[in-house]
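Reviewing the structure listed below.
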Amino acid sequence: MDFKEIIKYDDLISVLDNFSYITGISANFLTADNQWVENKKKGTCEFCMLMKQYYQNGEACRNSDLAGAQTAQKKKGVHVYRCHMGLVEAVIPLFFNNSYIGSLFIGQILLEPPTEKMWQEVFEKIKDQPLDIEAARRSFFNLTHIDHEKLQSVLDMMHIVAKYILDSEMIRISSLSSIEKIIEYIKNHYMEDITLDDLAKMVYLSPTYLSYLFKKQLGITFKEYLINIRLKKSKELIETTDLSIGEISKMVGIEDQNYFSRLFKRKFGVSPLNYKKDKYIYDISKKNANT
């Protein structure tokens with residue numbers, strides 16, 4: 001499943017770019033399964049690019065971002081914090097039907113002009129790392145800085161942008177792999193008692209939102225998909241085994257044979273018993289033709 005099929009990528013990039021252009025502050029989006037969608041006009045600050053490339057192989061930056069997103073999720077509201085390098089970031093979590101679908105980030109910035117004292121604190125952390133110290137210093141002193149009043153205005157804009165992203169359905173799925181995982185699970189466990197609630201727990205989504213995603217992605221409901229899989233498997237068993245209709249019904253996870261027969265006829269236009277008879281007659285005719 002392609003990343004850009006899951007997210008309205010161009011629309012989201014446009015929103016991030018416009019936010020960055022208006023505020024002068026980078027804006028990025030982290031999906032529920034930790035995929036970054038980054039603005040193109042401003043992008044990540046030069047200092048942060050160096051840190052992500054050369055400071056602890058980027059692990060410190062990743063851990064800081066994930067910790068920020070997780071805290072915002074727990075708060076279910078905006079979270080302003082300092083990263084491991086002392087830069088200010090803000091993150092707003094987005095929820096659909098109480099299910100987390102990603103986080104809008106802005107930053108990294110300073111709340112006062114950079115000073116030598118601030119640089120020395122950073123220098124002590126990076127002096128033993130394999131990076132260009134002079135380039136790091138230069139990019140540090142080029143960091144965007146705003147006062148607290150402007151930060152509050154930026155946060156207000158973040159709320160507006162987050163609401164717009166939700167209302168416009170730019171994020172069409174909360175996890176890039178949720179539906180794929182569920183489809184694979186159904187194919188391997190169709191014979192078991194599978195419920196929407198169980199599947200929702202498996203991918204950490206609410207049953208309501210998972211139902212929405214299923215219909216959105218596949219065009220049919222979870223129940224319809226499960227029944228189709230079971231009927232397809234039952235048809236294969238009728239064609240390839242001598243099992244009774246009752247046995248086949250139970251093998252595909254449908255205990256009530258009468259209910260199974262009604263579903264089968266609705267799907268294939270013939271009852272499973274008649275399909276089995278037709279298959280038997282066909283096999284006999286084929287056998288006689290070959291003798």
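Residues are named by chain letter and number: chains run A, B, ... in the order of the structure tokens, numbers start at 1 in each chain, and ligands are numbered from 1 in the order shown.
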If you run DSSP on this backbone, which residues of range 13-243 of chain A come out as strand (DSSP E or B), and could you give them as a compact mmCIF listing (two decimals) with C-alpha atoms, in the first residue's frame?
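This is the output file out_8.txt:
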```txt
# COMPACT_ATOMS: atom_id res chain seq x y z
CA ALA A 27 5.79 22.63 10.17
CA ASN A 28 5.78 18.84 9.81
CA PHE A 29 3.33 16.00 10.34
CA LEU A 30 4.04 12.67 12.04
CA THR A 31 1.58 9.90 11.14
CA TRP A 36 7.12 12.03 8.47
CA VAL A 37 5.41 14.39 6.05
CA GLU A 38 7.62 17.48 5.92
CA HIS A 79 2.50 20.07 24.18
CA VAL A 80 5.34 22.61 24.15
CA TYR A 81 8.74 21.25 25.14
CA ARG A 82 12.48 21.55 24.66
CA VAL A 88 11.58 24.66 21.55
CA GLU A 89 9.05 22.51 19.70
CA ALA A 90 5.27 22.31 19.87
CA VAL A 91 3.08 19.38 18.93
CA ILE A 92 -0.68 18.94 18.63
CA PRO A 93 -2.16 15.43 18.43
CA LEU A 94 -5.04 14.75 16.02
CA PHE A 95 -7.84 12.33 16.89
CA PHE A 96 -10.73 10.90 14.90
CA SER A 99 -8.44 7.28 17.69
CA TYR A 100 -5.04 8.91 17.27
CA ILE A 101 -4.18 9.63 13.62
CA GLY A 102 -0.97 11.67 13.92
CA SER A 103 0.66 14.83 15.26
CA LEU A 104 1.29 18.28 13.84
CA PHE A 105 4.75 19.60 14.81
CA ILE A 106 6.23 23.08 14.61
CA GLY A 107 9.81 24.04 15.38
CA GLN A 108 12.57 24.03 16.16
CA ILE A 109 12.91 27.57 17.53
CA LEU A 110 14.37 29.63 20.35
CA HIS A 145 13.71 32.98 17.51
CA ILE A 171 -5.27 11.78 6.78
```
With the cut-off set at 6 Å and counting only C-alpha atoms, tabulate each residue of range 132-210 of chain A with an atom at most that distance from an atom of range 47-63 of chain A, showing the nearest atom pair and its distance in Å to one decimal, ordered by chain and increasing number, as CSV.
```
residue,atom,partner,partner_atom,distance
A:Ala136,CA,A:Phe47,CA,6.0
A:Ser139,CA,A:Phe47,CA,4.9
A:Phe140,CA,A:Phe47,CA,5.7
```
For N, CA, C and O atoms, I'd like the residues from the last selection saved as a short mmCIF file (atom, residue, chain, number, x, y, z; two decimals), in the first residue's frame.
```
data_model
loop_
_atom_site.label_atom_id
_atom_site.label_comp_id
_atom_site.auth_asym_id
_atom_site.auth_seq_id
_atom_site.Cartn_x
_atom_site.Cartn_y
_atom_site.Cartn_z
N ALA A 136 27.88 23.63 12.48
CA ALA A 136 26.88 23.53 13.54
C ALA A 136 26.72 24.86 14.27
O ALA A 136 25.61 25.31 14.55
N SER A 139 24.91 27.40 11.96
CA SER A 139 23.48 27.11 11.84
C SER A 139 22.74 27.36 13.15
O SER A 139 21.58 27.76 13.14
N PHE A 140 23.43 27.17 14.27
CA PHE A 140 22.79 27.43 15.57
C PHE A 140 22.45 28.91 15.71
O PHE A 140 21.36 29.27 16.15
#
```
Which of A:Tyr185, A:Phe141, A:Tyr212, A:Tyr225 sits closest to Trp119 in chain A [using only C-alpha atoms] = A:Phe141
Figure out the distance between CA of Val252 in chain A and CA of Leu231 in chain A, please, to one decimal in Å.
-> 7.7 Å
DSSP on the backbone, then: every residue of range 10-165 of chain A marked helix (DSSP H, G or I), written as an MDAnalysis selection string.
-> chainID A and resid 10:23 46:54 56:75 116:126 133:140 148:165
Gap from CA of Thr195 in chain A to CA of Asp256 in chain A - Å, one decimal | 17.0 Å
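Around Lys181 in chain A, within 9 Å and counting only C-alpha atoms, the residues found are Ser177, Tyr185, Ile186, Met202 and Val203 of chain A, once anything fewer than 4 positions away on its own chain is removed.
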